[in-house]
Amino acid sequence: KAEFDLLVVEANNVRTIVEAKAGHACLVDDMPRLLAAPPGVRIVSVALGLCHSLWLTDAGVLFAAGLNDVGQCGVGAPSTLAAPQRLESLETRQFVQVAAGDAFSAAVADSGEVLTFGANDVGQCGQGAGAPLNAKPRTVKGVPALTAVALGSEHALLLDRQAAVWASGQGAHGALGLGDTGSRATPERGRNTAHATAQSDDKEEELALVSWALA
């Protein structure tokens, strides 16, 4: 028996992770169901993309499941993970947070490093304009040590240890909070966040900063 059963509910519906149609982590039922964690691990956090999911264990180990057609599950193949798969390429790191966008993902390591993987056609992975997709996790360059990340459909906000917010990806409707509607292929620091809560030890206040442009 697994050490932990996982109940995943979003918008009064369930995005199943293991038993979804065709192995995708997409909506199939109107009622919540309990899902068993991989054997021998305890899941403490999950993140849901459009058709994929990330599972974080209490030991900082990352699992992924669902659609992987652009590498959003962090492995080169197969194109679908019907059950949670441990990301063995990341076993030298311990992660403290995971996040998922429509078809891309991010994970924050305890070192402050953030890795992204999946679709990058509008810069949502922060990996530059010449990388339309990242089939395997890659470190985001050009940013200081980070504490948190939040992903929208096609954009990302990164919170560093000085409480500054960095943004990349699709900038439509001002989603990046950079004063315009342009997209960014690499992270750019928000102009109004350089001093915001810089001395704050309040984690909730810091996380509020990183979610301000996701509405």
# chains A, B, ... in the order shown; residues from 1 in each chain; ligands from 1
>>> select_by_dssp(residues="stretch 76-199 of chain A", states="helix (DSSP H, G or I)", output="VMD selection string")
chain A and resid 88 to 90 172 to 174
>>> write_last_selection(atoms="N, CA, C and O atoms", output="compact mmCIF listing (two decimals), in the first residue's frame")
# COMPACT_ATOMS: atom_id res chain seq x y z
N GLU A 88 14.99 10.72 -13.54
CA GLU A 88 16.29 10.24 -13.10
C GLU A 88 17.42 11.21 -13.44
O GLU A 88 18.43 11.26 -12.74
N SER A 89 17.25 12.00 -14.48
CA SER A 89 18.30 12.95 -14.87
C SER A 89 18.46 14.06 -13.83
O SER A 89 19.47 14.78 -13.85
N LEU A 90 17.50 14.19 -12.91
CA LEU A 90 17.55 15.26 -11.92
C LEU A 90 17.84 14.74 -10.52
O LEU A 90 17.68 15.47 -9.53
N ALA A 172 1.07 39.03 -23.73
CA ALA A 172 -0.24 39.57 -24.10
C ALA A 172 -1.00 40.01 -22.86
O ALA A 172 -0.92 39.37 -21.81
N HIS A 173 -1.75 41.10 -23.00
CA HIS A 173 -2.57 41.66 -21.92
C HIS A 173 -1.73 42.14 -20.73
O HIS A 173 -2.25 42.33 -19.64
N GLY A 174 -0.44 42.34 -20.96
CA GLY A 174 0.43 42.79 -19.88
C GLY A 174 0.74 41.74 -18.85
O GLY A 174 1.11 42.06 -17.71
>>> residues_around(residues="stretch 185-188 of chain A", least_positions_apart="2", cutoff="9 Å", atoms="only C-alpha atoms", output="JSON, numbers by chain")
{"A": [120, 121, 122, 123, 124, 125, 126, 127, 128, 129, 130, 140, 141, 142, 143, 156, 157, 158, 165, 166, 167, 168, 169, 170, 178, 183, 190, 191]}
>>> select_by_dssp(residues="stretch 130-179 of chain A", states="strand (DSSP E)", output="PyMOL selection string")
chain A and resi 133-139+146-151+155-160+165-169
>>> write_last_selection(atoms="N, CA, C and O atoms", output="compact mmCIF listing (two decimals), in the first residue's frame")
# COMPACT_ATOMS: atom_id res chain seq x y z
N LEU A 133 11.52 24.31 -28.12
CA LEU A 133 11.10 23.35 -27.11
C LEU A 133 12.33 22.80 -26.41
O LEU A 133 13.43 22.78 -26.95
N ASN A 134 12.12 22.38 -25.16
CA ASN A 134 13.18 21.79 -24.37
C ASN A 134 12.72 20.41 -23.92
O ASN A 134 11.94 20.29 -22.98
N ALA A 135 13.18 19.38 -24.60
CA ALA A 135 12.73 18.03 -24.30
C ALA A 135 13.28 17.52 -22.99
O ALA A 135 12.71 16.59 -22.40
N LYS A 136 14.36 18.13 -22.49
CA LYS A 136 14.93 17.74 -21.21
C LYS A 136 15.15 18.99 -20.36
O LYS A 136 15.35 20.08 -20.88
N PRO A 137 15.11 18.85 -19.04
CA PRO A 137 15.26 20.01 -18.16
C PRO A 137 16.57 20.75 -18.38
O PRO A 137 17.63 20.13 -18.49
N ARG A 138 16.50 22.08 -18.40
CA ARG A 138 17.67 22.93 -18.53
C ARG A 138 17.59 24.06 -17.52
O ARG A 138 16.51 24.58 -17.24
N THR A 139 18.74 24.45 -17.00
CA THR A 139 18.80 25.55 -16.03
C THR A 139 18.54 26.88 -16.74
O THR A 139 19.08 27.14 -17.81
N LEU A 146 16.83 31.69 -6.79
CA LEU A 146 15.38 31.89 -6.74
C LEU A 146 14.76 31.17 -5.56
O LEU A 146 15.32 30.20 -5.02
N THR A 147 13.58 31.63 -5.16
CA THR A 147 12.84 30.99 -4.08
C THR A 147 11.51 30.40 -4.54
O THR A 147 10.98 29.50 -3.90
N ALA A 148 10.96 30.91 -5.65
CA ALA A 148 9.64 30.43 -6.09
C ALA A 148 9.45 30.74 -7.56
O ALA A 148 10.09 31.63 -8.13
N VAL A 149 8.53 29.99 -8.18
CA VAL A 149 8.17 30.21 -9.58
C VAL A 149 6.67 29.99 -9.73
O VAL A 149 6.08 29.16 -9.04
N ALA A 150 6.06 30.78 -10.60
CA ALA A 150 4.65 30.60 -10.94
C ALA A 150 4.51 30.64 -12.45
O ALA A 150 5.15 31.48 -13.11
N LEU A 151 3.71 29.72 -13.01
CA LEU A 151 3.55 29.62 -14.45
C LEU A 151 2.11 29.88 -14.85
O LEU A 151 1.19 29.33 -14.25
N HIS A 155 3.50 31.82 -19.86
CA HIS A 155 4.48 32.75 -19.30
C HIS A 155 4.89 32.30 -17.91
O HIS A 155 4.22 31.48 -17.28
N ALA A 156 6.02 32.85 -17.46
CA ALA A 156 6.59 32.45 -16.18
C ALA A 156 7.00 33.68 -15.38
O ALA A 156 7.50 34.66 -15.95
N LEU A 157 6.81 33.60 -14.06
CA LEU A 157 7.31 34.61 -13.14
C LEU A 157 8.22 33.92 -12.13
O LEU A 157 7.84 32.90 -11.55
N LEU A 158 9.41 34.47 -11.94
CA LEU A 158 10.40 33.89 -11.05
C LEU A 158 10.69 34.88 -9.92
O LEU A 158 10.93 36.06 -10.17
N LEU A 159 10.67 34.41 -8.69
CA LEU A 159 10.93 35.26 -7.53
C LEU A 159 12.32 34.95 -6.99
O LEU A 159 12.61 33.81 -6.61
N ASP A 160 13.20 35.97 -6.94
CA ASP A 160 14.55 35.72 -6.43
C ASP A 160 14.64 36.00 -4.93
O ASP A 160 13.67 36.43 -4.29
N VAL A 165 11.04 40.17 -8.98
CA VAL A 165 10.32 39.26 -9.87
C VAL A 165 10.89 39.36 -11.28
O VAL A 165 11.08 40.46 -11.81
N TRP A 166 11.15 38.21 -11.88
CA TRP A 166 11.64 38.11 -13.25
C TRP A 166 10.57 37.45 -14.09
O TRP A 166 9.92 36.50 -13.64
N ALA A 167 10.39 37.91 -15.33
CA ALA A 167 9.30 37.40 -16.17
C ALA A 167 9.81 37.01 -17.55
O ALA A 167 10.72 37.63 -18.11
N SER A 168 9.19 35.96 -18.11
CA SER A 168 9.49 35.56 -19.49
C SER A 168 8.25 34.94 -20.10
O SER A 168 7.32 34.53 -19.40
N GLY A 169 8.23 34.86 -21.44
CA GLY A 169 7.12 34.22 -22.14
C GLY A 169 6.17 35.20 -22.78
O GLY A 169 6.52 36.34 -23.11
>>> atom_distance(atom1="atom CA of A:Pro84", atom2="atom CA of A:Arg33")
16.3 Å
>>> atom_distance(atom1="atom CA of A:Phe117", atom2="atom CA of A:Gly177")
22.7 Å
>>> atom_distance(atom1="atom CA of A:Gln72", atom2="atom CA of A:Ala119")
6.9 Å
>>> residues_around(residues="A:Asn68", least_positions_apart="4", cutoff="12 Å", atoms="only C-alpha atoms", output="short mmCIF file (atom, residue, chain, number, x, y, z; two decimals) with N, CA and C atoms, in the first residue's frame")
data_model
loop_
_atom_site.label_atom_id
_atom_site.label_comp_id
_atom_site.auth_asym_id
_atom_site.auth_seq_id
_atom_site.Cartn_x
_atom_site.Cartn_y
_atom_site.Cartn_z
N GLY A 23 -3.78 7.65 -21.25
CA GLY A 23 -2.61 7.90 -20.44
C GLY A 23 -2.32 9.37 -20.19
N HIS A 24 -3.16 10.28 -20.68
CA HIS A 24 -2.93 11.69 -20.47
C HIS A 24 -3.49 12.11 -19.12
N ALA A 25 -2.85 13.10 -18.51
CA ALA A 25 -3.30 13.58 -17.21
C ALA A 25 -4.37 14.65 -17.41
N GLY A 49 -0.58 20.85 -15.41
CA GLY A 49 -0.60 21.55 -16.67
C GLY A 49 -1.88 21.25 -17.41
N LEU A 50 -1.90 21.54 -18.71
CA LEU A 50 -3.11 21.27 -19.49
C LEU A 50 -3.37 19.78 -19.58
N CYS A 51 -2.34 19.00 -19.90
CA CYS A 51 -2.48 17.54 -19.99
C CYS A 51 -1.26 16.82 -19.42
N HIS A 52 -0.66 17.40 -18.39
CA HIS A 52 0.44 16.72 -17.70
C HIS A 52 0.45 17.15 -16.24
N SER A 53 1.22 16.44 -15.45
CA SER A 53 1.29 16.75 -14.02
C SER A 53 2.68 16.48 -13.49
N LEU A 54 3.05 17.21 -12.45
CA LEU A 54 4.32 17.03 -11.76
C LEU A 54 4.03 16.68 -10.31
N ALA A 64 6.80 12.82 -12.95
CA ALA A 64 5.93 13.47 -13.94
C ALA A 64 5.05 12.42 -14.60
N GLN A 72 7.24 18.31 -21.87
CA GLN A 72 6.76 18.95 -20.65
C GLN A 72 6.85 18.06 -19.42
N CYS A 73 7.07 16.76 -19.62
CA CYS A 73 7.28 15.86 -18.48
C CYS A 73 8.76 15.69 -18.14
N GLY A 74 9.63 16.33 -18.91
CA GLY A 74 11.04 16.31 -18.56
C GLY A 74 11.83 15.13 -19.05
N VAL A 75 11.25 14.33 -19.95
CA VAL A 75 11.97 13.20 -20.54
C VAL A 75 11.85 13.29 -22.05
N GLY A 76 12.83 12.76 -22.76
CA GLY A 76 12.81 12.84 -24.21
C GLY A 76 11.76 11.95 -24.85
N ALA A 77 11.45 10.83 -24.23
CA ALA A 77 10.48 9.87 -24.75
C ALA A 77 10.00 9.03 -23.56
N PRO A 78 8.82 8.43 -23.68
CA PRO A 78 7.86 8.46 -24.78
C PRO A 78 7.03 9.75 -24.79
N SER A 79 6.09 9.84 -25.74
CA SER A 79 5.27 11.04 -25.87
C SER A 79 4.15 11.09 -24.83
N THR A 80 3.92 9.99 -24.15
CA THR A 80 2.92 9.93 -23.09
C THR A 80 3.44 9.07 -21.94
N LEU A 81 3.30 9.56 -20.72
CA LEU A 81 3.64 8.79 -19.53
C LEU A 81 2.33 8.42 -18.84
N ALA A 82 1.94 7.16 -18.94
CA ALA A 82 0.65 6.72 -18.41
C ALA A 82 0.64 6.62 -16.89
N ALA A 83 1.82 6.59 -16.28
CA ALA A 83 1.95 6.55 -14.82
C ALA A 83 3.12 7.44 -14.44
N PRO A 84 3.15 7.92 -13.19
CA PRO A 84 4.23 8.82 -12.78
C PRO A 84 5.60 8.20 -12.97
N GLN A 85 6.49 8.94 -13.61
CA GLN A 85 7.86 8.47 -13.85
C GLN A 85 8.84 9.38 -13.14
N ASP A 102 0.68 25.40 -19.51
CA ASP A 102 -0.08 24.56 -20.43
C ASP A 102 0.74 23.37 -20.91
N ALA A 103 1.92 23.63 -21.45
CA ALA A 103 2.75 22.56 -22.03
C ALA A 103 4.21 22.76 -21.68
N PHE A 104 4.47 23.33 -20.51
CA PHE A 104 5.84 23.46 -20.04
C PHE A 104 5.84 23.39 -18.52
N SER A 105 7.03 23.21 -17.95
CA SER A 105 7.15 22.96 -16.52
C SER A 105 8.37 23.66 -15.97
N PHE A 117 11.36 22.97 -18.67
CA PHE A 117 11.31 22.00 -19.76
C PHE A 117 9.93 22.03 -20.40
N GLY A 118 9.92 21.70 -21.72
CA GLY A 118 8.68 21.72 -22.47
C GLY A 118 8.66 22.80 -23.54
N ALA A 119 7.48 23.26 -23.90
CA ALA A 119 7.31 24.25 -24.96
C ALA A 119 8.00 25.57 -24.60
N LEU A 133 11.52 24.31 -28.12
CA LEU A 133 11.10 23.35 -27.11
C LEU A 133 12.33 22.80 -26.41
N ASN A 134 12.12 22.38 -25.16
CA ASN A 134 13.18 21.79 -24.37
C ASN A 134 12.72 20.41 -23.92
N ALA A 135 13.18 19.38 -24.60
CA ALA A 135 12.73 18.03 -24.30
C ALA A 135 13.28 17.52 -22.99
N LYS A 136 14.36 18.13 -22.49
CA LYS A 136 14.93 17.74 -21.21
C LYS A 136 15.15 18.99 -20.36
#
